[in-house]
$ cat coords.pdb   # PDB, C-alpha atoms and all ligand atoms
ATOM      1  CA  MET Y  99      87.998 119.020 105.060
ATOM      2  CA  GLY Y 100      84.709 118.668 107.034
ATOM      3  CA  ALA Y 101      81.594 116.627 106.506
ATOM      4  CA  ARG Y 102      78.784 118.047 104.382
ATOM      5  CA  THR Y 103      75.147 117.393 103.840
ATOM      6  CA  ARG Y 104      74.420 115.193 100.824
ATOM      7  CA  ASN Y 105      72.591 117.842  98.878
ATOM      8  CA  SER Y 106      73.673 117.346  95.309
ATOM      9  CA  THR Y 107      71.398 119.780  93.520
ATOM     10  CA  PRO Y 108      73.786 122.067  91.654
ATOM     11  CA  LYS Y 109      71.257 124.811  91.001
ATOM     12  CA  ARG Y 110      72.477 128.124  89.756
ATOM     13  CA  PRO Y 111      70.880 130.149  92.532
ATOM     14  CA  SER Y 112      68.814 133.222  92.017
ATOM     15  CA  ARG Y 113      69.980 136.359  93.811
ATOM     16  CA  LYS Y 114      66.331 137.145  94.573
ATOM     17  CA  THR Y 115      65.542 134.001  96.536
ATOM     18  CA  LYS Y 116      68.481 133.916  98.893
ATOM     19  CA  LYS Y 117      69.162 135.736 102.103
ATOM     20  CA  ALA Y 118      70.725 138.974 100.935
ATOM     21  CA  THR Y 119      74.378 139.752 101.358
ATOM     22  CA  ASN Y 120      75.637 143.192 100.506
ATOM     23  CA  ALA Y 121      78.170 141.713  98.139
ATOM     24  CA  THR Y 122      77.777 142.404  94.442
ATOM     25  CA  PRO Y 123      79.274 140.374  91.584
ATOM     26  CA  GLU Y 124      81.569 143.350  90.931
ATOM     27  CA  ALA Y 125      82.853 143.391  94.514
ATOM     28  CA  ALA Y 126      83.228 139.598  94.429
ATOM     29  CA  ALA Y 127      85.158 139.848  91.157
ATOM     30  CA  ALA Y 128      87.550 142.354  92.739
ATOM     31  CA  ILE Y 129      88.072 139.956  95.656
ATOM     32  CA  ALA Y 130      88.584 137.016  93.274
ATOM     33  CA  ASP Y 131      91.138 139.046  91.290
ATOM     34  CA  ARG Y 132      93.170 139.880  94.381
ATOM     35  CA  LEU Y 133      92.965 136.285  95.582
ATOM     36  CA  ALA Y 134      94.244 135.069  92.221
ATOM     37  CA  GLU Y 135      97.132 137.551  92.400
ATOM     38  CA  ARG Y 136      98.028 136.474  95.929
ATOM     39  CA  TRP Y 137      97.700 132.733  95.259
ATOM     40  CA  PRO Y 138      98.506 132.204  91.582
ATOM     41  CA  GLY Y 139      98.283 128.676  90.248
ATOM     42  CA  VAL Y 140      97.342 127.029  93.523
ATOM     43  CA  VAL Y 141      95.919 123.543  93.287
ATOM     44  CA  VAL Y 142      94.508 121.077  95.767
ATOM     45  CA  GLU Y 143      97.210 120.034  98.227
ATOM     46  CA  LEU Y 144      96.281 116.353  98.264
ATOM     47  CA  ASP Y 145      98.825 114.388  96.203
ATOM     48  CA  HIS Y 146      97.188 112.457  93.366
ATOM     49  CA  GLN Y 147      97.737 111.240  89.816
ATOM     50  CA  ASN Y 148      94.125 110.726  88.728
ATOM     51  CA  ALA Y 149      90.477 111.081  89.753
ATOM     52  CA  TYR Y 150      90.451 107.748  91.617
ATOM     53  CA  GLN Y 151      93.407 108.763  93.789
ATOM     54  CA  LEU Y 152      91.986 112.214  94.485
ATOM     55  CA  LEU Y 153      88.638 110.709  95.457
ATOM     56  CA  VAL Y 154      90.328 108.317  97.901
ATOM     57  CA  ALA Y 155      92.536 111.085  99.335
ATOM     58  CA  THR Y 156      89.601 113.475  99.741
ATOM     59  CA  ILE Y 157      87.475 110.893 101.573
ATOM     60  CA  LEU Y 158      90.431 110.220 103.884
ATOM     61  CA  ALA Y 159      91.039 113.948 104.432
ATOM     62  CA  ALA Y 160      87.753 114.498 106.282
ATOM     63  CA  GLN Y 161      88.530 115.658 109.844
ATOM     64  CA  SER Y 162      92.246 115.455 109.066
ATOM     65  CA  THR Y 163      94.933 117.489 107.297
ATOM     66  CA  ASP Y 164      96.114 117.233 103.697
ATOM     67  CA  LYS Y 165      99.696 117.012 104.932
ATOM     68  CA  LEU Y 166      98.972 113.945 107.023
ATOM     69  CA  ILE Y 167      96.911 112.303 104.295
ATOM     70  CA  ASN Y 168      99.820 112.737 101.861
ATOM     71  CA  THR Y 169     101.897 110.539 104.158
ATOM     72  CA  ILE Y 170      99.253 107.804 104.121
ATOM     73  CA  THR Y 171      98.076 107.635 100.526
ATOM     74  CA  PRO Y 172     101.252 106.344  98.792
ATOM     75  CA  ALA Y 173     100.863 103.001 100.587
ATOM     76  CA  VAL Y 174      97.111 102.936  99.910
ATOM     77  CA  PHE Y 175      97.598 103.617  96.188
ATOM     78  CA  ALA Y 176     100.386 101.040  95.959
ATOM     79  CA  LYS Y 177      98.245  98.295  97.498
ATOM     80  CA  TYR Y 178      94.979  99.355  95.834
ATOM     81  CA  PRO Y 179      95.898 100.989  92.498
ATOM     82  CA  ASP Y 180      92.316 101.278  91.239
ATOM     83  CA  ALA Y 181      88.683 101.024  92.275
ATOM     84  CA  THR Y 182      88.533  97.318  91.421
ATOM     85  CA  ALA Y 183      91.421  96.524  93.774
ATOM     86  CA  LEU Y 184      89.974  98.741  96.495
ATOM     87  CA  SER Y 185      86.531  97.150  96.193
ATOM     88  CA  GLN Y 186      88.135  93.802  97.063
ATOM     89  CA  ALA Y 187      90.117  95.119 100.038
ATOM     90  CA  ILE Y 188      89.959  93.245 103.306
ATOM     91  CA  PRO Y 189      88.671  95.871 105.781
ATOM     92  CA  ALA Y 190      91.286  95.078 108.451
ATOM     93  CA  ASP Y 191      94.135  95.533 105.929
ATOM     94  CA  LEU Y 192      92.815  98.884 104.751
ATOM     95  CA  GLU Y 193      92.098 100.043 108.294
ATOM     96  CA  GLN Y 194      95.711  99.417 109.197
ATOM     97  CA  LEU Y 195      96.884 101.594 106.305
ATOM     98  CA  VAL Y 196      94.555 104.518 107.039
ATOM     99  CA  PHE Y 197      94.596 104.293 110.823
ATOM    100  CA  LYS Y 198      96.428 107.617 111.297
ATOM    101  CA  SER Y 199      93.767 109.566 109.369
ATOM    102  CA  GLY Y 200      91.244 109.208 112.207
ATOM    103  CA  PHE Y 201      87.789 107.642 111.968
ATOM    104  CA  TYR Y 202      89.634 104.871 110.173
ATOM    105  CA  ARG Y 203      86.898 102.244 110.430
ATOM    106  CA  GLN Y 204      84.252 104.560 109.015
ATOM    107  CA  LYS Y 205      86.582 105.835 106.284
ATOM    108  CA  SER Y 206      87.713 102.317 105.306
ATOM    109  CA  GLY Y 207      84.075 101.275 105.057
ATOM    110  CA  SER Y 208      83.225 104.297 102.895
ATOM    111  CA  LEU Y 209      86.223 103.693 100.633
ATOM    112  CA  ILE Y 210      85.357 100.043 100.023
ATOM    113  CA  LYS Y 211      81.669 100.846  99.466
ATOM    114  CA  ALA Y 212      82.474 103.752  97.126
ATOM    115  CA  ALA Y 213      84.916 101.574  95.155
ATOM    116  CA  THR Y 214      82.324  98.799  94.939
ATOM    117  CA  ALA Y 215      79.734 101.252  93.620
ATOM    118  CA  ILE Y 216      82.243 102.596  91.060
ATOM    119  CA  VAL Y 217      82.926  99.045  89.838
ATOM    120  CA  GLU Y 218      79.264  97.999  89.765
ATOM    121  CA  ARG Y 219      77.717 101.185  88.361
ATOM    122  CA  HIS Y 220      80.504 102.839  86.408
ATOM    123  CA  ALA Y 221      82.693 100.015  85.088
ATOM    124  CA  GLY Y 222      85.505 100.906  87.482
ATOM    125  CA  GLU Y 223      85.867 104.538  86.364
ATOM    126  CA  VAL Y 224      85.175 107.483  88.680
ATOM    127  CA  PRO Y 225      81.983 109.098  87.337
ATOM    128  CA  SER Y 226      82.246 112.601  85.956
ATOM    129  CA  THR Y 227      78.958 114.184  86.981
ATOM    130  CA  ILE Y 228      78.202 115.691  90.349
ATOM    131  CA  GLU Y 229      74.957 113.717  90.643
ATOM    132  CA  GLU Y 230      76.688 110.373  90.110
ATOM    133  CA  LEU Y 231      79.568 111.277  92.403
ATOM    134  CA  CYS Y 232      77.230 112.356  95.199
ATOM    135  CA  GLU Y 233      75.469 108.990  94.992
ATOM    136  CA  LEU Y 234      78.674 107.193  95.980
ATOM    137  CA  PRO Y 235      78.874 106.215  99.662
ATOM    138  CA  GLY Y 236      80.892 108.723 101.692
ATOM    139  CA  VAL Y 237      80.813 111.352  98.941
ATOM    140  CA  ALA Y 238      79.010 114.689  99.326
ATOM    141  CA  ARG Y 239      79.185 117.911  97.309
ATOM    142  CA  LYS Y 240      82.481 119.077  98.765
ATOM    143  CA  THR Y 241      84.311 115.872  97.830
ATOM    144  CA  ALA Y 242      82.589 115.763  94.445
ATOM    145  CA  ASN Y 243      83.614 119.369  93.729
ATOM    146  CA  VAL Y 244      87.232 118.660  94.690
ATOM    147  CA  VAL Y 245      87.394 115.695  92.280
ATOM    148  CA  LEU Y 246      85.478 117.337  89.437
ATOM    149  CA  GLY Y 247      87.385 120.610  89.580
ATOM    150  CA  ASN Y 248      90.895 119.346  90.257
ATOM    151  CA  ALA Y 249      91.065 115.958  88.540
ATOM    152  CA  LEU Y 250      88.423 116.183  85.818
ATOM    153  CA  GLY Y 251      88.626 119.875  84.925
ATOM    154  CA  LYS Y 252      84.927 120.573  85.497
ATOM    155  CA  ASN Y 253      83.480 123.630  87.201
ATOM    156  CA  GLU Y 254      80.351 122.103  88.708
ATOM    157  CA  GLY Y 255      80.458 123.938  92.025
ATOM    158  CA  ILE Y 256      82.717 125.623  94.564
ATOM    159  CA  VAL Y 257      84.433 123.614  97.266
ATOM    160  CA  VAL Y 258      83.197 124.848 100.638
ATOM    161  CA  ASP Y 259      85.271 123.546 103.501
ATOM    162  CA  THR Y 260      85.843 125.041 106.929
ATOM    163  CA  HIS Y 261      88.316 127.623 105.530
ATOM    164  CA  VAL Y 262      86.007 128.756 102.743
ATOM    165  CA  MET Y 263      83.101 129.015 105.184
ATOM    166  CA  ARG Y 264      85.095 131.270 107.503
ATOM    167  CA  VAL Y 265      86.765 133.443 104.856
ATOM    168  CA  ALA Y 266      83.575 133.912 102.813
ATOM    169  CA  GLY Y 267      81.772 135.100 105.936
ATOM    170  CA  ARG Y 268      84.564 137.498 106.903
ATOM    171  CA  LEU Y 269      84.663 138.911 103.386
ATOM    172  CA  GLY Y 270      80.907 139.500 103.461
ATOM    173  CA  LEU Y 271      80.294 137.157 100.517
ATOM    174  CA  THR Y 272      77.695 135.234 102.495
ATOM    175  CA  ARG Y 273      75.647 135.451 105.650
ATOM    176  CA  GLU Y 274      74.857 131.770 105.656
ATOM    177  CA  ALA Y 275      76.272 129.096 107.929
ATOM    178  CA  ASP Y 276      75.196 126.038 105.957
ATOM    179  CA  PRO Y 277      77.830 124.887 103.421
ATOM    180  CA  THR Y 278      75.324 124.263 100.632
ATOM    181  CA  LYS Y 279      73.801 127.729 101.072
ATOM    182  CA  ILE Y 280      77.263 129.309 101.217
ATOM    183  CA  GLU Y 281      78.155 127.516  97.995
ATOM    184  CA  ASN Y 282      74.978 128.838  96.380
ATOM    185  CA  ASP Y 283      75.858 132.388  97.478
ATOM    186  CA  LEU Y 284      79.358 132.087  96.062
ATOM    187  CA  MET Y 285      78.164 130.539  92.795
ATOM    188  CA  ALA Y 286      75.792 133.465  92.346
ATOM    189  CA  LEU Y 287      78.663 135.940  92.757
ATOM    190  CA  ILE Y 288      81.593 134.265  91.012
ATOM    191  CA  PRO Y 289      81.637 133.444  87.276
ATOM    192  CA  ARG Y 290      81.481 129.703  86.642
ATOM    193  CA  GLU Y 291      84.830 129.505  84.873
ATOM    194  CA  ARG Y 292      86.509 130.649  88.098
ATOM    195  CA  TRP Y 293      84.794 128.269  90.536
ATOM    196  CA  THR Y 294      87.590 125.693  90.933
ATOM    197  CA  ASP Y 295      90.426 128.211  91.151
ATOM    198  CA  PHE Y 296      88.413 130.441  93.464
ATOM    199  CA  GLY Y 297      87.742 127.515  95.822
ATOM    200  CA  ASN Y 298      91.417 126.523  95.898
ATOM    201  CA  GLN Y 299      92.498 130.119  96.468
ATOM    202  CA  MET Y 300      89.983 130.641  99.278
ATOM    203  CA  ILE Y 301      91.213 127.457 100.960
ATOM    204  CA  HIS Y 302      94.816 128.678 100.715
ATOM    205  CA  HIS Y 303      93.853 132.095 101.987
ATOM    206  CA  GLY Y 304      92.089 130.591 104.995
ATOM    207  CA  ARG Y 305      94.807 128.073 105.687
ATOM    208  CA  TYR Y 306      97.781 130.444 105.510
ATOM    209  CA  LEU Y 307      96.566 134.039 105.944
ATOM    210  CA  CYS Y 308      92.982 134.477 107.108
ATOM    211  CA  ARG Y 309      93.473 131.908 109.827
ATOM    212  CA  ALA Y 310      90.728 131.182 112.334
ATOM    213  CA  LYS Y 311      92.419 132.520 115.468
ATOM    214  CA  ASP Y 312      95.007 134.922 114.057
ATOM    215  CA  PRO Y 313      94.009 136.372 110.692
ATOM    216  CA  GLN Y 314      96.945 138.295 109.210
ATOM    217  CA  CYS Y 315      94.947 141.362 108.174
ATOM    218  CA  ASP Y 316      98.096 143.540 108.064
ATOM    219  CA  ALA Y 317      99.552 141.352 105.342
ATOM    220  CA  CYS Y 318      96.290 140.655 103.541
ATOM    221  CA  PRO Y 319      95.827 142.080 100.035
ATOM    222  CA  LEU Y 320      92.054 141.803 100.489
ATOM    223  CA  ALA Y 321      92.003 144.168 103.481
ATOM    224  CA  PRO Y 322      90.822 147.230 101.483
ATOM    225  CA  LEU Y 323      87.841 145.185 100.291
ATOM    226  CA  CYS Y 324      87.149 143.288 103.502
ATOM    227  CA  PRO Y 325      84.492 144.362 106.017
ATOM    228  CA  SER Y 326      86.347 142.363 108.686
ATOM    229  CA  ALA Y 327      89.761 143.982 108.136
ATOM    230  CA  GLY Y 328      91.387 144.601 111.507
ATOM    231  CA  LEU Y 329      89.927 141.436 112.955
ATOM    232  CA  GLY Y 330      93.439 140.117 113.540
ATOM    233  CA  ILE Y 331      94.253 142.985 115.937
ATOM    234  CA  MET Y 332      90.918 142.624 117.700
ATOM    235  CA  LEU Y 333      91.412 138.915 118.235
ATOM    236  CA  ALA Y 334      94.981 139.468 119.439
ATOM    237  CA  LYS Y 335      93.782 142.019 122.043
ATOM    238  CA  LYS Y 336      90.920 139.890 123.238
ATOM    239  CA  PRO Y 337      91.728 138.697 126.746
ATOM    240  CA  LYS Y 338      91.863 134.994 126.978
ATOM    241  CA  ALA Y 339      89.007 133.530 128.953
ATOM    242  CA  LYS Y 340      90.185 132.514 132.357
ATOM    243  CA  ALA Y 341      90.325 128.834 132.805
ATOM    244  CA  ALA Y 342      87.410 127.748 134.873
ATOM    245  CA  ALA Y 343      88.483 127.509 138.466
ATOM    246  CA  LYS Y 344      88.723 123.999 139.625
ATOM    247  CA  PRO Y 345      86.273 123.221 142.373
ATOM    248  CA  LYS Y 346      88.096 122.724 145.604
ATOM    249  CA  ALA Y 347      88.405 119.149 146.479
ATOM    250  CA  ARG Y 348      86.432 118.432 149.586
ATOM    251  CA  LYS Y 349      88.350 117.077 152.446
ATOM    252  CA  PRO Y 350      87.144 113.639 153.220
ATOM    253  CA  LYS Y 351      85.199 113.656 156.450
ATOM    254  CA  PRO Y 352      87.015 111.890 159.205
ATOM    255  CA  LYS Y 353      85.467 108.577 159.874
ATOM    256  CA  PRO Y 354      83.629 108.495 163.177
ATOM    257  CA  LYS Y 355      85.626 106.577 165.663
ATOM    258  CA  ALA Y 356      84.124 103.257 166.399
ATOM    259  CA  LYS Y 357      82.814 103.177 169.932
ATOM    260  CA  LYS Y 358      84.645 100.794 172.065
ATOM    261  CA  SER Y 359      82.171  98.294 173.214
ATOM    262  CA  LYS Y 360      82.524  97.486 176.833
ATOM    263  CA  PRO Y 361      83.663  93.965 177.359
ATOM    264  CA  ARG Y 362      80.802  91.940 178.633
ATOM    265  CA  ALA Y 363      81.155  90.868 182.154
ATOM    266  CA  ARG Y 364      81.468  87.208 182.315
ATOM    267  CA  ALA Y 365      78.661  85.546 183.999
TER     268      ALA Y 365
HETATM  269  S1  LIG D 401      91.476 141.461 105.871
HETATM  270 FE1  LIG D 401      91.694 140.048 107.599
HETATM  271  S2  LIG D 401      89.634 139.177 107.907
HETATM  272 FE2  LIG D 401      89.679 140.140 105.837
HETATM  273  S3  LIG D 401      90.241 138.446 104.459
HETATM  274 FE3  LIG D 401      92.128 139.503 105.021
HETATM  275  S4  LIG D 401      92.915 138.357 106.803
HETATM  276 FE4  LIG D 401      90.752 137.780 106.534
END
$ encode --input "coords.pdb" --output "structure tokens" --more "lines below"
Ligand code: SF4
Amino acid sequence: MGARTRNSTPKRPSRKTKKATNATPEAAAAIADRLAERWPGVVVELDHQNAYQLLVATILAAQSTDKLINTITPAVFAKYPDATALSQAIPADLEQLVFKSGFYRQKSGSLIKAATAIVERHAGEVPSTIEELCELPGVARKTANVVLGNALGKNEGIVVDTHVMRVAGRLGLTREADPTKIENDLMALIPRERWTDFGNQMIHHGRYLCRAKDPQCDACPLAPLCPSAGLGIMLAKKPKAKAAAKPKARKPKPKPKAKKSKPRARA
């Protein structure tokens, strides 16, 4: 799950003000229906028991994989069972536990700061509004949406990670490249009550079927509705770029032989 800008304004966007896509709510609903049929009941793949654990796992999952994070978090949750415990963590101890997640110093710092803010501003409980969540250090809209939708049962937005960005573009649901703008496009097309499920299903679709380098269009139930159908074959046929030829190593120039100085005649 990649980093996002800290824009926390959850405006219901107007279709008039945004860059137009050809997608209509009806077409988007048909896509959402097929997604729901293909990925019924999918939930976030980060293991968690409550909002605190999902928040910690989601912060750790940035630039990493859910699978790897699930191997790290049991030890983190055992040592720091709540925000109060985490706010008192010694950075070096936490860093050791989350080392494998990458960017471990930065993530440890964010976790301790976020936990401290939760203790100081919210009496130790993870806040339940997107505005309050986005004010926590290390938390942007994507993380807030994951926690709100999957742990607190609130449809405040649509999670837009790297998979959702790619799949939404391929499906013609957006022409934007910025995650916040993509989220606005999707929120304008998808009914609010579907936002969390739709986000989870898009992530699954991107992770397992509409993959970046080898989308499985032949096996994709969205193909009849997808303007990019056939992309998988095109990408498979695309010749791989030749590796840049290594510049030939120059032969070292032979050192000029030192001139033998004539022995001076003795006086
Ligand atoms: S048809 Fe291909 S490009 Fe379109 S959503 Fe399916 S896998 Fe992705």
$ resolve_selection --input "coords.pdb" --expression "the PyMOL selection byres (((chain Y and resi 145) around 12) and not hetatm)" --output "ChimeraX atom specification"
/Y:141-144,146-156,159,164-172,175,248-249
$ residues_around --input "coords.pdb" --residues "Leu320 of chain Y" --least-positions-apart "2" --cutoff "8 Å" --atoms "all atoms listed in the file" --output "PyMOL selection string"
chain Y and resi 129+132-133+318+322-324
$ atom_distance --input "coords.pdb" --atom1 "atom CA of Leu307 of chain Y" --atom2 "atom CA of Thr294 of chain Y"
19.4 Å
$ residues_near_ligand --input "coords.pdb" --ligand "ligand LIG 401 (chain D)" --cutoff "9 Å" --atoms "all atoms listed in the file" --output "VMD selection string"
chain Y and resid 264 to 266 268 to 269 303 to 304 307 to 310 312 to 330
$ closest_residue --input "coords.pdb" --among "Y:Glu218, Y:Val174, Y:Ala121, Y:Pro189" --to "Gly267 of chain Y" --atoms "all atoms listed in the file"
Y:Ala121
$ residues_around --input "coords.pdb" --residues "segment 206-214 of chain Y" --least-positions-apart "3" --cutoff "10 Å" --atoms "all atoms listed in the file" --output "PyMOL selection string"
chain Y and resi 150+153-155+157-158+180-197+201-203+217-224+231+233-237
$ closest_residue --input "coords.pdb" --among "Y:Lys336, Y:Ile301, Y:Phe296, Y:Arg239" --to "Lys279 of chain Y" --atoms "all atoms listed in the file"
Y:Arg239
$ decode --input "coords.pdb" --residues "segment 189-249 of chain Y" --atoms "C-alpha atoms" --output "CSV table (one decimal), in the first residue's frame"
chain,number,residue,atom,x,y,z
Y,189,PRO,CA,12.1,3.3,19.5
Y,190,ALA,CA,15.0,0.8,19.2
Y,191,ASP,CA,12.8,-2.0,20.5
Y,192,LEU,CA,10.0,-1.3,18.1
Y,193,GLU,CA,12.5,-0.8,15.2
Y,194,GLN,CA,13.8,-4.3,15.9
Y,195,LEU,CA,10.3,-5.8,15.6
Y,196,VAL,CA,9.3,-4.0,12.4
Y,197,PHE,CA,12.7,-4.1,10.7
Y,198,LYS,CA,11.6,-6.5,7.9
Y,199,SER,CA,8.8,-4.1,6.8
Y,200,GLY,CA,11.3,-1.7,5.3
Y,201,PHE,CA,11.6,2.0,6.2
Y,202,TYR,CA,11.5,0.7,9.8
Y,203,ARG,CA,12.9,3.9,11.4
Y,204,GLN,CA,10.3,6.1,9.7
Y,205,LYS,CA,7.5,3.6,10.4
Y,206,SER,CA,8.5,3.2,14.1
Y,207,GLY,CA,8.5,6.9,14.5
Y,208,SER,CA,5.1,7.3,12.9
Y,209,LEU,CA,3.6,4.5,15.0
Y,210,ILE,CA,4.9,6.0,18.2
Y,211,LYS,CA,3.7,9.5,17.3
Y,212,ALA,CA,0.3,8.2,16.1
Y,213,ALA,CA,-0.1,6.3,19.3
Y,214,THR,CA,0.9,9.3,21.4
Y,215,ALA,CA,-1.7,11.5,19.5
Y,216,ILE,CA,-4.4,8.8,20.1
Y,217,VAL,CA,-3.6,8.8,23.8
Y,218,GLU,CA,-3.4,12.6,24.1
Y,219,ARG,CA,-6.3,13.6,21.9
Y,220,HIS,CA,-8.6,10.6,21.9
Y,221,ALA,CA,-8.2,8.9,25.3
Y,222,GLY,CA,-6.4,6.0,23.8
Y,223,GLU,CA,-9.2,5.0,21.3
Y,224,VAL,CA,-8.7,5.1,17.6
Y,225,PRO,CA,-10.8,8.0,16.3
Y,226,SER,CA,-13.8,7.2,14.1
Y,227,THR,CA,-13.9,10.1,11.7
Y,228,ILE,CA,-11.8,10.5,8.6
Y,229,GLU,CA,-10.7,14.1,9.6
Y,230,GLU,CA,-9.4,13.0,13.0
Y,231,LEU,CA,-7.7,9.9,11.6
Y,232,CYS,CA,-6.0,12.0,8.9
Y,233,GLU,CA,-4.6,14.3,11.6
Y,234,LEU,CA,-2.6,11.4,13.1
Y,235,PRO,CA,1.1,11.3,12.1
Y,236,GLY,CA,1.7,8.8,9.3
Y,237,VAL,CA,-2.0,8.5,8.4
Y,238,ALA,CA,-3.4,9.7,5.1
Y,239,ARG,CA,-6.8,9.0,3.4
Y,240,LYS,CA,-5.9,5.6,2.2
Y,241,THR,CA,-5.0,4.3,5.7
Y,242,ALA,CA,-7.9,6.1,7.2
Y,243,ASN,CA,-10.3,4.5,4.7
Y,244,VAL,CA,-8.9,1.0,5.4
Y,245,VAL,CA,-9.5,1.4,9.1
Y,246,LEU,CA,-12.9,3.1,8.8
Y,247,GLY,CA,-14.2,0.7,6.3
Y,248,ASN,CA,-12.8,-2.6,7.6
Y,249,ALA,CA,-12.6,-2.1,11.4
